[in-house]
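Just final.cif here, mmCIF, C-alpha atoms:
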data_protein
loop_
_atom_site.group_PDB
_atom_site.id
_atom_site.type_symbol
_atom_site.label_atom_id
_atom_site.label_comp_id
_atom_site.auth_asym_id
_atom_site.auth_seq_id
_atom_site.Cartn_x
_atom_site.Cartn_y
_atom_site.Cartn_z
ATOM 1 C CA MET A 160 -16.934 1.918 -4.698
ATOM 2 C CA LEU A 161 -14.987 -0.715 -6.571
ATOM 3 C CA LEU A 162 -12.804 0.414 -9.429
ATOM 4 C CA GLY A 163 -11.825 -1.355 -12.623
ATOM 5 C CA THR A 164 -8.170 -2.312 -12.491
ATOM 6 C CA SER A 165 -5.531 -3.698 -14.788
ATOM 7 C CA LEU A 166 -4.175 -6.697 -12.942
ATOM 8 C CA PRO A 167 -1.836 -9.612 -13.530
ATOM 9 C CA ALA A 168 -3.388 -13.024 -14.091
ATOM 10 C CA ASN A 169 -2.981 -14.083 -10.461
ATOM 11 C CA ALA A 170 -5.132 -11.129 -9.393
ATOM 12 C CA ALA A 171 -8.040 -11.563 -11.800
ATOM 13 C CA ALA A 172 -10.510 -12.126 -8.945
ATOM 14 C CA ALA A 173 -9.931 -8.551 -7.798
ATOM 15 C CA GLN A 174 -12.264 -7.293 -10.531
ATOM 16 C CA GLY A 175 -15.259 -8.766 -8.697
ATOM 17 C CA PRO A 176 -16.955 -7.281 -5.625
ATOM 18 C CA PRO A 177 -15.697 -8.189 -2.124
ATOM 19 C CA ALA A 178 -18.897 -10.087 -1.301
ATOM 20 C CA ALA A 179 -18.513 -12.329 -4.328
ATOM 21 C CA ALA A 180 -14.851 -12.946 -3.557
ATOM 22 C CA ALA A 181 -15.710 -13.915 0.022
ATOM 23 C CA GLN A 182 -18.416 -16.303 -1.144
ATOM 24 C CA ALA A 183 -16.114 -17.935 -3.680
ATOM 25 C CA THR A 184 -13.422 -18.577 -1.050
ATOM 26 C CA ALA A 185 -15.712 -19.719 1.768
ATOM 27 C CA VAL A 186 -14.423 -23.305 1.607
ATOM 28 C CA ARG A 187 -10.768 -22.346 1.923
ATOM 29 C CA GLU A 188 -8.652 -22.988 4.993
ATOM 30 C CA PRO A 189 -9.248 -20.799 8.059
ATOM 31 C CA GLU A 190 -7.152 -17.747 8.775
ATOM 32 C CA CYS A 191 -3.766 -18.255 10.417
ATOM 33 C CA VAL A 192 -1.823 -15.082 11.235
ATOM 34 C CA TRP A 193 0.803 -14.227 13.831
ATOM 35 C CA PRO A 194 0.515 -10.429 13.605
ATOM 36 C CA GLY A 195 3.404 -8.016 13.908
ATOM 37 C CA ASN A 196 3.530 -4.326 14.753
ATOM 38 C CA ALA A 197 5.766 -2.985 11.973
ATOM 39 C CA TRP A 198 4.594 0.056 9.994
ATOM 40 C CA LEU A 199 6.186 2.470 7.545
ATOM 41 C CA ASN A 200 4.173 5.654 6.766
ATOM 42 C CA PRO A 201 6.770 7.395 4.556
ATOM 43 C CA GLN A 202 6.931 11.197 4.769
ATOM 44 C CA PHE A 203 7.786 13.492 1.869
ATOM 45 C CA TYR A 204 8.464 17.168 1.273
ATOM 46 C CA TRP A 205 9.471 19.715 -1.341
ATOM 47 C CA ARG A 206 12.104 22.407 -0.992
ATOM 48 C CA ASN A 207 13.503 25.230 -3.092
ATOM 49 C CA VAL A 208 17.094 25.771 -4.197
ATOM 50 C CA ILE A 209 18.066 27.457 -0.911
ATOM 51 C CA GLY A 210 16.630 24.609 1.175
ATOM 52 C CA ALA A 211 13.396 26.223 2.383
ATOM 53 C CA ARG A 212 10.441 23.861 2.602
ATOM 54 C CA LEU A 213 7.639 24.445 0.131
ATOM 55 C CA GLY A 214 5.269 21.752 1.402
ATOM 56 C CA GLU A 215 5.067 18.259 2.873
ATOM 57 C CA GLY A 216 2.912 15.205 3.381
ATOM 58 C CA VAL A 217 2.706 11.599 4.536
ATOM 59 C CA ILE A 218 1.654 8.231 3.147
ATOM 60 C CA HIS A 219 -0.702 6.603 5.674
ATOM 61 C CA GLU A 220 -0.421 2.798 5.537
ATOM 62 C CA SER A 221 -1.815 0.032 7.733
ATOM 63 C CA SER A 222 -2.776 -3.632 7.486
ATOM 64 C CA SER A 223 -5.424 -5.720 9.246
ATOM 65 C CA PRO A 224 -4.507 -8.125 10.618
ATOM 66 C CA ASN A 225 -0.981 -6.793 10.288
ATOM 67 C CA PRO A 226 1.440 -9.459 9.016
ATOM 68 C CA PHE A 227 4.370 -7.016 8.793
ATOM 69 C CA GLY A 228 6.824 -7.897 11.519
ATOM 70 C CA GLY A 229 5.088 -11.253 11.924
ATOM 71 C CA TRP A 230 4.101 -14.419 10.095
ATOM 72 C CA ILE A 231 1.160 -15.515 7.998
ATOM 73 C CA ALA A 232 0.187 -18.919 6.610
ATOM 74 C CA PRO A 233 -0.854 -19.757 3.043
ATOM 75 C CA GLY A 234 -4.592 -19.346 2.485
ATOM 76 C CA SER A 235 -4.817 -16.525 5.042
ATOM 77 C CA THR A 236 -5.827 -12.983 4.141
ATOM 78 C CA PHE A 237 -5.084 -9.429 5.185
ATOM 79 C CA THR A 238 -6.190 -6.004 3.997
ATOM 80 C CA PHE A 239 -3.744 -3.213 3.167
ATOM 81 C CA ARG A 240 -4.930 0.390 3.569
ATOM 82 C CA TRP A 241 -3.147 3.184 1.713
ATOM 83 C CA ARG A 242 -3.889 6.915 1.857
ATOM 84 C CA PRO A 243 -1.466 9.569 0.574
ATOM 85 C CA GLU A 244 -1.989 12.988 2.140
ATOM 86 C CA THR A 245 -0.365 16.296 1.262
ATOM 87 C CA THR A 246 -0.567 18.239 4.506
ATOM 88 C CA ARG A 247 0.865 21.457 3.008
ATOM 89 C CA ASN A 248 0.649 21.933 -0.728
ATOM 90 C CA PRO A 249 3.445 23.861 -2.493
ATOM 91 C CA ILE A 250 2.158 27.103 -3.975
ATOM 92 C CA GLY A 251 1.448 26.529 -7.645
ATOM 93 C CA ALA A 252 1.305 22.721 -7.381
ATOM 94 C CA GLN A 253 -1.717 21.485 -9.341
ATOM 95 C CA TYR A 254 -1.853 17.774 -8.484
ATOM 96 C CA HIS A 255 0.219 14.852 -7.250
ATOM 97 C CA ILE A 256 0.419 11.270 -8.554
ATOM 98 C CA HIS A 257 1.265 8.882 -5.713
ATOM 99 C CA ARG A 258 2.494 5.331 -6.336
ATOM 100 C CA VAL A 259 3.535 2.304 -4.315
ATOM 101 C CA ASN A 260 5.028 -0.829 -5.859
ATOM 102 C CA LEU A 261 3.557 -3.942 -4.232
ATOM 103 C CA ALA A 262 5.606 -6.437 -6.280
ATOM 104 C CA SER A 263 7.194 -8.118 -3.262
ATOM 105 C CA VAL A 264 3.837 -8.702 -1.559
ATOM 106 C CA MET A 265 2.232 -9.865 -4.812
ATOM 107 C CA ALA A 266 5.043 -12.401 -5.262
ATOM 108 C CA VAL A 267 3.511 -14.372 -2.367
ATOM 109 C CA ALA A 268 -0.122 -13.194 -2.402
ATOM 110 C CA ASP A 269 -3.037 -12.866 -4.805
ATOM 111 C CA VAL A 270 -5.174 -9.736 -4.919
ATOM 112 C CA GLU A 271 -8.819 -10.545 -4.180
ATOM 113 C CA TRP A 272 -10.221 -7.038 -4.567
ATOM 114 C CA VAL A 273 -9.384 -3.348 -4.586
ATOM 115 C CA ALA A 274 -11.694 -0.594 -3.310
ATOM 116 C CA GLY A 275 -11.273 3.167 -3.075
ATOM 117 C CA PRO A 276 -9.797 5.949 -5.204
ATOM 118 C CA GLY A 277 -6.578 4.121 -6.107
ATOM 119 C CA THR A 278 -5.961 1.977 -9.192
ATOM 120 C CA LEU A 279 -3.841 -1.179 -9.295
ATOM 121 C CA THR A 280 -1.991 -1.587 -12.597
ATOM 122 C CA GLY A 281 0.330 -4.558 -12.679
ATOM 123 C CA THR A 282 2.019 -4.394 -9.281
ATOM 124 C CA THR A 283 1.726 -0.607 -8.845
ATOM 125 C CA LEU A 284 -1.010 1.028 -6.794
ATOM 126 C CA SER A 285 -1.508 4.678 -7.745
ATOM 127 C CA ALA A 286 -3.831 7.595 -7.049
ATOM 128 C CA GLN A 287 -4.076 11.239 -8.070
ATOM 129 C CA GLU A 288 -4.421 13.809 -5.307
ATOM 130 C CA THR A 289 -5.656 17.276 -6.254
ATOM 131 C CA PRO A 290 -5.415 19.603 -3.213
ATOM 132 C CA PRO A 291 -7.320 20.871 -1.365
ATOM 133 C CA GLN A 292 -9.381 17.710 -1.960
ATOM 134 C CA LYS A 293 -8.309 14.814 0.244
ATOM 135 C CA LEU A 294 -8.029 11.193 -0.816
ATOM 136 C CA GLY A 295 -9.887 8.450 1.021
ATOM 137 C CA ASP A 296 -8.408 5.053 1.819
ATOM 138 C CA THR A 297 -7.622 2.618 -0.951
ATOM 139 C CA VAL A 298 -8.035 -0.912 0.421
ATOM 140 C CA VAL A 299 -6.462 -4.021 -1.126
ATOM 141 C CA LYS A 300 -7.320 -7.512 0.096
ATOM 142 C CA PHE A 301 -4.541 -10.082 -0.282
ATOM 143 C CA ARG A 302 -4.645 -13.862 0.083
ATOM 144 C CA ILE A 303 -1.356 -15.711 0.637
ATOM 145 C CA ARG A 304 -0.750 -18.305 -2.073
ATOM 146 C CA PRO A 305 -0.079 -21.997 -1.337
ATOM 147 C CA GLY A 306 3.504 -23.118 -1.742
ATOM 148 C CA THR A 307 5.054 -19.834 -0.572
ATOM 149 C CA GLU A 308 6.197 -21.052 2.877
ATOM 150 C CA GLY A 309 9.579 -19.653 3.840
ATOM 151 C CA ARG A 310 9.379 -16.651 1.531
ATOM 152 C CA THR A 311 9.520 -13.074 2.767
ATOM 153 C CA ALA A 312 7.616 -10.058 1.428
ATOM 154 C CA THR A 313 8.990 -6.564 1.935
ATOM 155 C CA LEU A 314 7.600 -3.039 1.658
ATOM 156 C CA SER A 315 10.143 -0.219 1.743
ATOM 157 C CA SER A 316 10.347 3.530 1.378
ATOM 158 C CA ALA A 317 12.034 2.926 -1.976
ATOM 159 C CA ASP A 318 8.839 1.276 -3.241
ATOM 160 C CA HIS A 319 7.073 4.656 -3.056
ATOM 161 C CA SER A 320 7.224 7.384 -5.671
ATOM 162 C CA LEU A 321 5.548 10.713 -6.304
ATOM 163 C CA THR A 322 5.136 13.019 -9.293
ATOM 164 C CA THR A 323 3.994 16.599 -8.698
ATOM 165 C CA ARG A 324 2.672 18.823 -11.461
ATOM 166 C CA TRP A 325 3.647 22.433 -10.889
ATOM 167 C CA LEU A 326 2.504 25.034 -13.424
ATOM 168 C CA PHE A 327 3.906 23.675 -16.712
ATOM 169 C CA ALA A 328 6.482 21.224 -15.402
ATOM 170 C CA ASN A 329 6.975 18.421 -12.883
ATOM 171 C CA ILE A 330 8.854 19.058 -9.644
ATOM 172 C CA ASN A 331 10.574 16.392 -7.581
ATOM 173 C CA ASN A 332 10.014 15.683 -3.920
ATOM 174 C CA LEU A 333 12.363 14.365 -1.247
ATOM 175 C CA TRP A 334 11.660 11.524 1.202
ATOM 176 C CA GLU A 335 12.158 12.299 4.867
ATOM 177 C CA ASN A 336 12.299 8.841 6.426
ATOM 178 C CA PHE A 337 13.718 5.612 5.070
ATOM 179 C CA GLY A 338 13.183 2.011 6.063
ATOM 180 C CA SER A 339 11.489 -1.257 5.227
ATOM 181 C CA ILE A 340 9.087 -3.710 6.819
ATOM 182 C CA SER A 341 8.520 -7.359 6.003
ATOM 183 C CA PHE A 342 6.607 -10.507 6.850
ATOM 184 C CA THR A 343 7.383 -14.190 6.368
ATOM 185 C CA VAL A 344 5.048 -16.873 5.070
ATOM 186 C CA ALA A 345 5.082 -19.852 7.459
ATOM 187 C CA SER A 346 3.301 -23.188 7.505
ATOM 188 C CA ARG A 347 0.115 -23.540 9.505
ATOM 189 C CA ALA A 348 1.728 -26.261 11.603
ATOM 190 C CA SER A 349 4.692 -24.052 12.549
ATOM 191 C CA LEU A 350 2.297 -21.324 13.682
ATOM 192 C CA GLY A 351 0.225 -23.780 15.703
ATOM 193 C CA CYS A 352 -2.980 -23.114 13.817
ATOM 194 C CA GLY A 353 -5.947 -25.406 13.928
ATOM 195 C CA SER A 354 -9.150 -23.453 13.478
ATOM 196 C CA SER A 355 -9.182 -19.800 12.433
ATOM 197 C CA SER A 356 -6.456 -18.063 14.420
ATOM 198 C CA VAL A 357 -5.014 -14.618 14.819
ATOM 199 C CA LEU A 358 -2.179 -15.378 17.224
ATOM 200 C CA GLY A 359 0.121 -13.375 19.405
#

I'd like the structure from this file rewritten - as C-alpha cells, please.
Amino acid sequence: MLLGTSLPANAAAAQGPPAAAAQATAVREPECVWPGNAWLNPQFYWRNVIGARLGEGVIHESSSPNPFGGWIAPGSTFTFRWRPETTRNPIGAQYHIHRVNLASVMAVADVEWVAGPGTLTGTTLSAQETPPQKLGDTVVKFRIRPGTEGRTATLSSADHSLTTRWLFANINNLWENFGSISFTVASRASLGCGSSSVLG
C-alpha cells in the first residue's frame, strides 16, 4: 500500500504509484550500477541504572541493487528497504518511533515512490512500532540525479534515532554498533556502461 508523504520538491513524484513512476521514466537512460556489499543494520538496546538490559532490537536495512560500497551513475535507480524490529520489548514500553535521516542520499537522488508502513517527511523516514505487532518493510525507490558525478552519499548509525514511550514518559535507548556506509556517483563512461548494466 502506498502512503501519502510530505516530501521536498525534488521528490514530488513519490506521491504517485510505482507503476506510474516507471511509465513516466521509461525513456530515461538505462541502469548503470557497480554494486557494493556494504551494509549497516544498527542494533539498539535499553538498560536500567545498574546496567541490566531491559530489551533490544535491530534496524534491518538493504538496497537492491546495492550501491553502498560501490558506484552508481546518474539516471540509475535503487530501492532501499528499511524495517525496524524490537526483538525484546522492555516491560512497560508502549510503542517506539523509529527514524532514519536520508538527507545525504537525497542530496544526490530523487525519491520516486515510498511503499510500506513508514512515512517520509522531508528527509526523515519514520515508523511507529507497537509491540507485539511487527513492522513490514518500508521501501523507497531512488533515482540518481544528473550532474551529481563525483559526489558521495553516506548513511551512518548517527542518522538513526529512536523514541520509546514508557508508561507516562519517554525512555532513551543506546546504540550497540557504530559505523557508516557510502556510495559514489560516477559517470556512465567511467563505469563502462553502454546498455543497462549492473556490473561487478

Quiz item: Between atom CA of A:Cys352 and atom CA of A:Glu188, what is the distance, to one decimal in Å?
Solution: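 Those two atoms sit 10.5 Å apart.
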
Quiz item: When you draw a straight line from atom CA of A:Thr245 to atom CA of A:Thr322, how long is it in Å?
Solution: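 Answer for the atom CA of A:Thr245 to atom CA of A:Thr322 separation: 12.3 Å.
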
Quiz item: Of the candidates A:Gln202, A:Ser222, A:Thr343, A:Asn207, which shows the shortest atom-to-atom distance to A:Asn331, using only C-alpha atoms?
Solution: A:Asn207

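Shown here are all protein and nucleic acid residues lying within 10 Å of (11.8, -3.7, 4.1), with all atoms listed in the file considered: Ala197, Leu199, Phe227, Gly228, Ser263, Thr311, Ala312, Thr313, Leu314, Ser315, Ser316, Ala317, Asp318, Phe337, Gly338, Ser339, Ile340, Ser341 and Phe342 of chain A.
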
Quiz item: What is the atom CA of A:Glu190-atom CA of A:Val298 distance in Å, reported with one decimal?
Solution: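 Computed distance, atom CA of A:Glu190 to atom CA of A:Val298, equals 18.8 Å.
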
Quiz item: Applied to the shown file, which residues does the PyMOL selection byres ((chain A and resi 233) around 6) return, written as a ChimeraX atom specification?
Solution: /A:232,234-235,303-305

Practice problem: Measuring atom to atom with all atoms listed in the file, identify which of A:Val344, A:Arg212, A:Gly275, A:Asn332 is nearest to A:Leu294. | Solution: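 Under the stated criterion, the closest residue is A:Gly275.
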
Practice problem: Could you give me, as a VMD selection string, the residues that sit within 10 Å of (1.0, 17.8, -7.6) in the file's coordinates, counting all atoms listed in the file? | Solution: chain A and resid 245 248 to 249 251 to 257 287 to 290 321 to 326 329 to 332

Practice problem: Using only C-alpha atoms, determine which residues lie at most 9 Å from A:Glu220, disregarding the query and same-chain residues fewer than 3 positions distant; provide the list as a count of residues only. | Solution: 9
